[in-house]
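Asker: Below is the file start.txt, which contains compact mmCIF, C-alpha atoms.
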# COMPACT_ATOMS: atom_id res chain seq x y z
CA MET A 1 -24.81 53.61 -3.16
CA SER A 2 -22.93 56.23 -1.16
CA ALA A 3 -19.26 56.95 -1.68
CA VAL A 4 -18.46 55.54 1.80
CA SER A 5 -20.27 52.25 1.13
CA TYR A 6 -18.59 51.95 -2.27
CA SER A 7 -15.19 52.54 -0.71
CA GLN A 8 -15.82 49.91 1.96
CA SER A 9 -16.96 47.37 -0.63
CA GLU A 10 -13.90 48.05 -2.76
CA SER A 11 -11.65 47.70 0.31
CA ARG A 12 -13.20 44.33 1.19
CA PHE A 13 -12.82 43.20 -2.41
CA VAL A 14 -9.12 44.13 -2.39
CA ARG A 15 -8.57 42.31 0.92
CA ARG A 16 -10.26 39.18 -0.41
CA LYS A 17 -8.14 39.28 -3.55
CA LEU A 18 -4.97 39.72 -1.51
CA SER A 19 -5.95 36.91 0.87
CA ASN A 20 -6.74 34.64 -2.05
CA TYR A 21 -3.44 35.44 -3.75
CA LEU A 22 -1.50 34.90 -0.51
CA MET A 23 -3.10 31.51 0.18
CA LEU A 24 -2.63 30.38 -3.42
CA THR A 25 1.03 31.35 -3.17
CA ILE A 26 1.50 29.47 0.13
CA THR A 27 -0.24 26.32 -1.13
CA GLY A 28 1.69 26.49 -4.41
CA ILE A 29 5.00 26.73 -2.56
CA SER A 30 4.00 23.82 -0.31
CA ALA A 31 3.05 21.65 -3.30
CA SER A 32 6.28 22.57 -5.06
CA ALA A 33 8.30 21.66 -1.96
CA ALA A 34 6.60 18.27 -1.75
CA ILE A 35 7.21 17.58 -5.44
CA PHE A 36 10.83 18.72 -5.15
CA ALA A 37 11.40 16.37 -2.19
CA LEU A 38 9.87 13.49 -4.14
CA PHE A 39 11.99 14.10 -7.21
CA LEU A 40 15.09 14.57 -5.06
CA VAL A 41 14.55 11.14 -3.49
CA LEU A 42 13.82 9.53 -6.88
CA TYR A 43 16.87 11.16 -8.45
CA HIS A 44 19.17 10.14 -5.60
CA VAL A 45 17.97 6.54 -5.63
CA ALA A 46 18.14 6.32 -9.42
CA VAL A 47 21.65 7.78 -9.68
CA ASN A 48 23.05 5.48 -7.00
CA GLY A 49 21.06 2.40 -7.94
CA ILE A 50 21.28 2.32 -11.72
CA ALA A 51 24.91 1.13 -11.63
CA ALA A 52 23.86 -2.10 -9.89
CA ILE A 53 21.04 -2.89 -12.32
CA ASN A 54 21.81 -5.57 -14.92
CA ILE A 55 20.46 -8.94 -15.99
CA ASP A 56 22.42 -10.82 -13.32
CA PHE A 57 20.92 -8.57 -10.66
CA PHE A 58 17.47 -10.01 -11.40
CA ILE A 59 18.25 -13.65 -12.21
CA ARG A 60 21.18 -14.63 -9.95
CA GLU A 61 21.33 -15.38 -6.25
CA PRO A 62 23.64 -13.44 -3.89
CA THR A 63 27.32 -14.30 -3.91
CA PRO A 64 29.35 -14.82 -0.70
CA VAL A 65 30.93 -11.83 1.00
CA GLY A 66 33.97 -10.58 -0.91
CA ILE A 67 32.92 -12.07 -4.25
CA PRO A 68 31.52 -9.41 -6.59
CA GLY A 69 28.49 -10.02 -8.77
CA GLY A 70 25.36 -11.92 -8.00
CA GLY A 71 21.88 -10.52 -7.64
CA ILE A 72 18.67 -10.52 -5.64
CA ALA A 73 16.68 -13.22 -7.42
CA ASN A 74 15.97 -14.86 -4.07
CA ALA A 75 14.60 -11.61 -2.64
CA ILE A 76 12.40 -10.92 -5.68
CA VAL A 77 10.88 -14.40 -5.58
CA GLY A 78 10.52 -14.18 -1.80
CA SER A 79 8.74 -10.82 -1.96
CA VAL A 80 6.29 -12.17 -4.53
CA ILE A 81 5.55 -15.19 -2.33
CA VAL A 82 5.21 -13.25 0.93
CA VAL A 83 3.02 -10.53 -0.58
CA GLY A 84 0.99 -13.25 -2.31
CA LEU A 85 0.43 -14.96 1.03
CA ALA A 86 -0.58 -11.64 2.56
CA SER A 87 -3.08 -11.06 -0.24
CA MET A 88 -4.52 -14.57 0.08
CA PHE A 89 -5.10 -13.93 3.78
CA SER A 90 -6.39 -10.36 3.67
CA LEU A 91 -8.46 -10.17 0.46
CA PRO A 92 -11.30 -12.56 1.41
CA ILE A 93 -11.60 -11.14 4.93
CA GLY A 94 -11.18 -7.50 3.89
CA LEU A 95 -13.63 -7.72 0.98
CA GLY A 96 -16.16 -9.59 3.09
CA ALA A 97 -15.88 -7.07 5.92
CA GLY A 98 -16.19 -4.14 3.50
CA ILE A 99 -19.29 -5.65 1.87
CA TYR A 100 -20.86 -6.25 5.27
CA LEU A 101 -20.18 -2.70 6.46
CA SER A 102 -21.62 -1.17 3.31
CA GLU A 103 -24.69 -3.36 2.86
CA TYR A 104 -25.53 -4.57 6.37
CA GLY A 105 -23.38 -2.58 8.78
CA ASP A 106 -25.78 0.17 9.81
CA ASN A 107 -25.80 -1.00 13.42
CA ARG A 108 -23.64 -1.02 16.53
CA PHE A 109 -21.63 -4.01 15.45
CA GLY A 110 -20.84 -2.27 12.16
CA ASP A 111 -19.72 0.83 14.04
CA LEU A 112 -17.47 -1.36 16.20
CA VAL A 113 -15.91 -3.00 13.13
CA ARG A 114 -15.24 0.41 11.56
CA TYR A 115 -13.64 1.65 14.76
CA LEU A 116 -11.44 -1.43 15.09
CA ALA A 117 -10.40 -1.18 11.43
CA ASP A 118 -9.37 2.45 11.94
CA VAL A 119 -7.42 1.53 15.07
CA LEU A 120 -5.72 -1.36 13.29
CA ALA A 121 -4.68 0.97 10.48
CA GLY A 122 -2.78 3.10 12.98
CA VAL A 123 -0.88 0.27 14.66
CA PRO A 124 2.90 0.54 13.96
CA SER A 125 4.21 -2.07 11.55
CA ILE A 126 6.81 -3.32 14.02
CA VAL A 127 4.00 -4.17 16.45
CA MET A 128 2.43 -6.28 13.69
CA GLY A 129 5.74 -8.10 13.38
CA ILE A 130 5.90 -8.79 17.11
CA PHE A 131 2.29 -10.00 17.03
CA ALA A 132 3.02 -12.43 14.19
CA TYR A 133 6.19 -13.55 15.97
CA ALA A 134 4.29 -14.40 19.15
CA LEU A 135 1.42 -16.05 17.31
CA ILE A 136 3.30 -18.09 14.69
CA VAL A 137 7.10 -17.94 14.96
CA ALA A 138 7.21 -18.69 18.68
CA GLN A 139 4.86 -21.63 18.19
CA GLN A 140 6.75 -23.04 15.18
CA GLY A 141 10.13 -22.51 16.79
CA HIS A 142 11.62 -20.90 13.66
CA PHE A 143 11.09 -18.03 11.24
CA SER A 144 9.00 -18.57 8.12
CA ALA A 145 7.55 -16.85 5.07
CA LEU A 146 4.10 -17.85 6.33
CA SER A 147 4.45 -15.67 9.42
CA GLY A 148 5.69 -12.79 7.24
CA GLY A 149 2.68 -13.11 4.96
CA PHE A 150 0.39 -13.17 7.98
CA ALA A 151 1.93 -9.98 9.41
CA LEU A 152 1.62 -8.12 6.10
CA GLY A 153 -1.88 -9.49 5.59
CA VAL A 154 -3.04 -8.05 8.91
CA MET A 155 -1.60 -4.70 7.84
CA MET A 156 -3.56 -4.86 4.57
CA LEU A 157 -6.89 -5.68 6.22
CA PRO A 158 -8.04 -2.20 7.37
CA ALA A 159 -7.20 -0.53 4.05
CA ILE A 160 -9.05 -3.13 1.99
CA THR A 161 -12.03 -3.12 4.37
CA ARG A 162 -12.52 0.63 4.50
CA ILE A 163 -11.89 1.30 0.81
CA THR A 164 -14.25 -1.52 -0.21
CA GLU A 165 -16.93 -0.03 2.03
CA GLU A 166 -16.45 3.47 0.61
CA MET A 167 -16.53 2.27 -3.00
CA LEU A 168 -19.72 0.28 -2.43
CA ASN A 169 -21.33 3.27 -0.72
CA LEU A 170 -20.78 5.26 -3.92
CA VAL A 171 -23.03 2.91 -5.89
CA PRO A 172 -26.46 4.59 -6.30
CA ASN A 173 -29.23 3.05 -4.25
CA SER A 174 -31.45 3.12 -7.34
CA LEU A 175 -29.45 0.20 -8.75
CA ARG A 176 -30.07 -1.82 -5.61
CA GLU A 177 -33.76 -0.93 -5.56
CA GLY A 178 -34.20 -1.81 -9.24
CA ALA A 179 -32.60 -5.22 -8.78
CA LEU A 180 -34.64 -5.90 -5.63
CA ALA A 181 -37.81 -4.90 -7.49
CA LEU A 182 -37.06 -7.61 -10.06
CA GLY A 183 -37.12 -10.21 -7.29
CA TYR A 184 -33.38 -10.69 -6.72
CA PRO A 185 -32.41 -11.62 -3.15
CA ARG A 186 -30.24 -9.10 -1.29
CA TRP A 187 -27.06 -11.22 -1.44
CA ARG A 188 -27.37 -11.66 -5.19
CA VAL A 189 -27.92 -7.94 -5.70
CA THR A 190 -24.70 -7.28 -3.79
CA LEU A 191 -22.64 -9.81 -5.75
CA THR A 192 -24.03 -9.28 -9.27
CA VAL A 193 -24.99 -5.59 -9.28
CA VAL A 194 -23.22 -3.63 -6.56
CA MET A 195 -19.79 -5.29 -6.63
CA PRO A 196 -19.32 -5.17 -10.44
CA THR A 197 -20.29 -1.49 -10.43
CA ALA A 198 -17.69 -0.64 -7.79
CA LEU A 199 -15.07 -3.09 -9.05
CA ARG A 200 -12.55 -0.55 -10.34
CA GLY A 201 -12.59 1.38 -7.10
CA VAL A 202 -12.19 -1.81 -5.09
CA LEU A 203 -9.25 -2.86 -7.27
CA THR A 204 -7.71 0.54 -6.65
CA GLY A 205 -7.90 -0.08 -2.92
CA ILE A 206 -6.35 -3.52 -3.29
CA VAL A 207 -3.42 -2.15 -5.30
CA LEU A 208 -2.89 0.59 -2.73
CA ALA A 209 -2.88 -1.94 0.10
CA ILE A 210 -0.36 -4.15 -1.71
CA ALA A 211 1.89 -1.17 -2.44
CA ARG A 212 1.59 -0.16 1.22
CA VAL A 213 3.02 -3.43 2.55
CA ALA A 214 5.40 -4.33 -0.29
CA GLY A 215 8.11 -2.06 1.12
CA GLU A 216 7.67 -2.88 4.82
CA THR A 217 10.78 -4.13 6.58
CA ALA A 218 10.03 -4.07 10.32
CA PRO A 219 7.47 -6.93 10.37
CA LEU A 220 9.77 -9.13 8.28
CA LEU A 221 12.61 -8.80 10.78
CA PHE A 222 10.52 -10.82 13.24
CA THR A 223 8.89 -13.22 10.76
CA ALA A 224 10.36 -14.12 7.35
CA PHE A 225 13.79 -12.98 8.63
CA GLY A 226 15.60 -13.49 5.31
CA SER A 227 17.73 -16.12 3.62
CA PRO A 228 20.78 -16.01 1.31
CA PHE A 229 19.28 -18.81 -0.79
CA LEU A 230 16.44 -19.04 -3.28
CA ASN A 231 13.70 -20.73 -1.30
CA THR A 232 10.03 -21.40 -2.08
CA ASP A 233 9.12 -23.30 1.08
CA ILE A 234 6.74 -21.02 3.01
CA SER A 235 7.48 -22.84 6.27
CA GLU A 236 11.14 -21.73 6.15
CA PRO A 237 12.87 -18.33 6.37
CA MET A 238 12.71 -16.44 3.09
CA ALA A 239 14.46 -13.41 1.63
CA THR A 240 12.43 -10.35 0.68
CA MET A 241 13.47 -7.14 -1.03
CA PRO A 242 12.83 -4.79 1.95
CA HIS A 243 14.78 -7.04 4.33
CA THR A 244 17.59 -7.52 1.78
CA LEU A 245 17.79 -3.75 1.33
CA TYR A 246 18.06 -3.29 5.10
CA VAL A 247 20.80 -5.93 5.48
CA TYR A 248 22.83 -4.67 2.53
CA ALA A 249 22.50 -1.01 3.51
CA ILE A 250 23.95 -1.48 7.01
CA SER A 251 26.80 -3.73 5.82
CA PRO A 252 30.39 -2.41 5.55
CA PHE A 253 30.92 -3.91 2.08
CA ASP A 254 30.84 -1.62 -0.96
CA ASP A 255 29.39 -4.33 -3.21
CA TRP A 256 26.50 -4.96 -0.83
CA GLN A 257 25.85 -1.25 -0.43
CA ALA A 258 25.68 -0.90 -4.22
CA LYS A 259 23.18 -3.76 -4.31
CA ALA A 260 21.19 -1.99 -1.59
CA TRP A 261 20.81 1.04 -3.85
CA GLY A 262 19.80 -1.23 -6.72
CA THR A 263 17.23 -2.98 -4.55
CA GLY A 264 15.89 0.39 -3.43
CA LEU A 265 15.53 1.46 -7.06
CA VAL A 266 13.56 -1.69 -7.86
CA LEU A 267 11.25 -1.15 -4.88
CA VAL A 268 10.68 2.51 -5.71
CA SER A 269 9.95 1.59 -9.33
CA LEU A 270 7.39 -1.01 -8.26
CA VAL A 271 5.65 1.47 -5.96
CA LEU A 272 5.69 4.07 -8.76
CA VAL A 273 4.12 1.62 -11.20
CA ALA A 274 1.48 0.70 -8.60
CA SER A 275 0.69 4.39 -8.06
CA ILE A 276 0.30 4.98 -11.79
CA LEU A 277 -1.97 1.94 -12.00
CA VAL A 278 -4.08 3.27 -9.12
CA ARG A 279 -4.45 6.65 -10.80
CA SER A 280 -5.43 4.97 -14.05
CA LEU A 281 -8.07 2.80 -12.35
CA GLY A 282 -9.38 5.80 -10.40
CA HIS A 283 -9.66 7.90 -13.58
CA ARG A 284 -11.60 5.17 -15.36
CA GLN A 285 -13.87 4.78 -12.32
CA ARG A 286 -14.79 8.49 -12.45
CA ASN A 287 -15.54 8.28 -16.17
CA ILE A 288 -18.01 5.40 -15.78
Can I see the file as structure tokens?

Answerer:
Amino acid sequence: MSAVSYSQSESRFVRRKLSNYLMLTITGISASAAIFALFLVLYHVAVNGIAAINIDFFIREPTPVGIPGGGIANAIVGSVIVVGLASMFSLPIGLGAGIYLSEYGDNRFGDLVRYLADVLAGVPSIVMGIFAYALIVAQQGHFSALSGGFALGVMMLPAITRITEEMLNLVPNSLREGALALGYPRWRVTLTVVMPTALRGVLTGIVLAIARVAGETAPLLFTAFGSPFLNTDISEPMATMPHTLYVYAISPFDDWQAKAWGTGLVLVSLVLVASILVRSLGHRQRNI
């Protein structure tokens, strides 16, 4: 190799090293900025919300304006009910649609369903609230937890559908072919071989979808609306933690604002726990 060629090769090597170092530095700074922003939010919420956290905060209903104390028991119960209704609505449809797209959706109708699911995933949450209002609240003549669960359930549908499809697509075709060779019908192969294999990944998608809607406020402004009382009747207005946080945060009362920070801390903690659960399920799925 001539001295000129060697010099050019060494120059290219140095440029590649410098480019690699520069890009690693930029990506490292970007990741650090994102982590710093996350911890800044968590720290701010924790510092302001921890003062409102006590036993009464979780087990007592709200007190009237001007009377200190009380809690958000009604909002906690309401959130569980509304998210439960959303799950009851979206899980059967989302899982069924995901199974169809993975196992039988290699056609134009399957492409249409995928496209509509992607479009639905990008619809703003407030539009979902207006849709549920027009479809249920306007017909009933009053707000209700049922309409709130419906709105959140529609928001969960595209995530559950697409993640279920992707997890089932990861199952090796050799498992399907082996089961079919033993004489199993296609539907039984899907339910007894494919689904159990992809179960952890599907559960990860379900947890992500639930965490996605658990903190939504905009749809609930038009549907569940909120209530100062502990209520379990799904045909009536019902308090939820996101709506309670919104109402307390914009109020002029110091006690309510303190409760807003406490409610925010509870919501952030629930989302954090859900994220850790998702990572745990995903790690186990990769090790199978």

Asker: Could you tell me which of A:Tyr104, A:Phe39, A:Phe150, A:Tyr115 comes closest to A:Phe131 if we count only C-alpha atoms?

Answerer: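 For A:Phe131, the nearest of the candidates is A:Phe150.
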
Asker: Which residue, A:Ser79, A:Asn20, A:Gln257, A:Ser275, has the smallest gap to A:Ala51 when you use only C-alpha atoms?

Answerer: A:Gln257

Asker: With a distance cut-off of 8 Å and all atoms listed in the file, select the neighbouring residues of A:His243, excluding the residue or stretch itself and same-chain residues fewer than 4 positions from it, and output the selection as JSON, numbers by chain.

Answerer: {"A": [217, 220, 221, 225, 226, 239, 247]}

Asker: Given the choices A:Leu120, A:Met241, A:Val194, A:Ile130, which gets closest to A:Pro172 if the distance is worked out from only C-alpha atoms?

Answerer: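 Closest to A:Pro172 of all the choices is A:Val194.
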
Asker: So which residues touch stretch 80-82 of chain A within 9 Å, counting only C-alpha atoms, skipping near sequence neighbours fewer than 6 positions away, as a list in words?

Answerer: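 The neighbour list is Ala145, Leu146, Ser147, Gly148, Gly149, Phe150, Leu152, Ala214, Ala224, Thr232, Ile234, Met238 and Thr240 of chain A.
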
Asker: So, counting only C-alpha atoms, which residue among A:Leu230, A:Ser251, A:Ser174, A:Val207 is closest to A:Val77?

Answerer: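 Closest to A:Val77 of all the choices is A:Leu230.
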
Asker: Can you work out the spacing between atom CA of A:Thr204 and atom CA of A:Ala75 in Å, to one decimal?

Answerer: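 Value for the atom CA of A:Thr204-atom CA of A:Ala75 distance: 25.7 Å.
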
Asker: To one decimal place, how far is atom CA of A:Ile67 from atom CA of A:Phe229 in Å?

Answerer: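 Distance between the two atoms: 15.6 Å.
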
Asker: Which is closest to A:Gly262 among A:Leu101, A:Val45, A:Leu38, A:Val137, if we use all atoms listed in the file?

Answerer: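 With all atoms listed in the file as the atom set, the closest residue is A:Val45.
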
Asker: Report, in Å to a single decimal, how far apart atom CA of A:Asp254 and atom CA of A:Gly49 are.

Answerer: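 Between these atoms lies a distance of 12.7 Å.
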
Asker: So which one's closest to A:Ala260, A:Val273, A:Asn169, A:His44, A:Tyr246? Using all atoms listed in the file, please.

Answerer: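 With all atoms listed in the file as the atom set, the closest residue is A:Tyr246.
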
Asker: A:Ala52: which residues within 10 Å, counting all atoms listed in the file, same-chain residues fewer than 5 positions away excluded, as a PDB file with C-alpha atoms, in the coordinates of the input?

Answerer:
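part_21.pdb was written with the following content:
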ATOM      1  CA  PHE A  57      20.920  -8.570 -10.660  1.00  0.00           C
ATOM      2  CA  GLY A  69      28.490 -10.020  -8.770  1.00  0.00           C
ATOM      3  CA  GLY A  71      21.880 -10.520  -7.640  1.00  0.00           C
ATOM      4  CA  ASP A 255      29.390  -4.330  -3.210  1.00  0.00           C
ATOM      5  CA  TRP A 256      26.500  -4.960  -0.830  1.00  0.00           C
ATOM      6  CA  GLN A 257      25.850  -1.250  -0.430  1.00  0.00           C
ATOM      7  CA  ALA A 258      25.680  -0.900  -4.220  1.00  0.00           C
ATOM      8  CA  LYS A 259      23.180  -3.760  -4.310  1.00  0.00           C
ATOM      9  CA  ALA A 260      21.190  -1.990  -1.590  1.00  0.00           C
ATOM     10  CA  TRP A 261      20.810   1.040  -3.850  1.00  0.00           C
ATOM     11  CA  GLY A 262      19.800  -1.230  -6.720  1.00  0.00           C
ATOM     12  CA  THR A 263      17.230  -2.980  -4.550  1.00  0.00           C
ATOM     13  CA  LEU A 265      15.530   1.460  -7.060  1.00  0.00           C
TER      14      LEU A 265
END
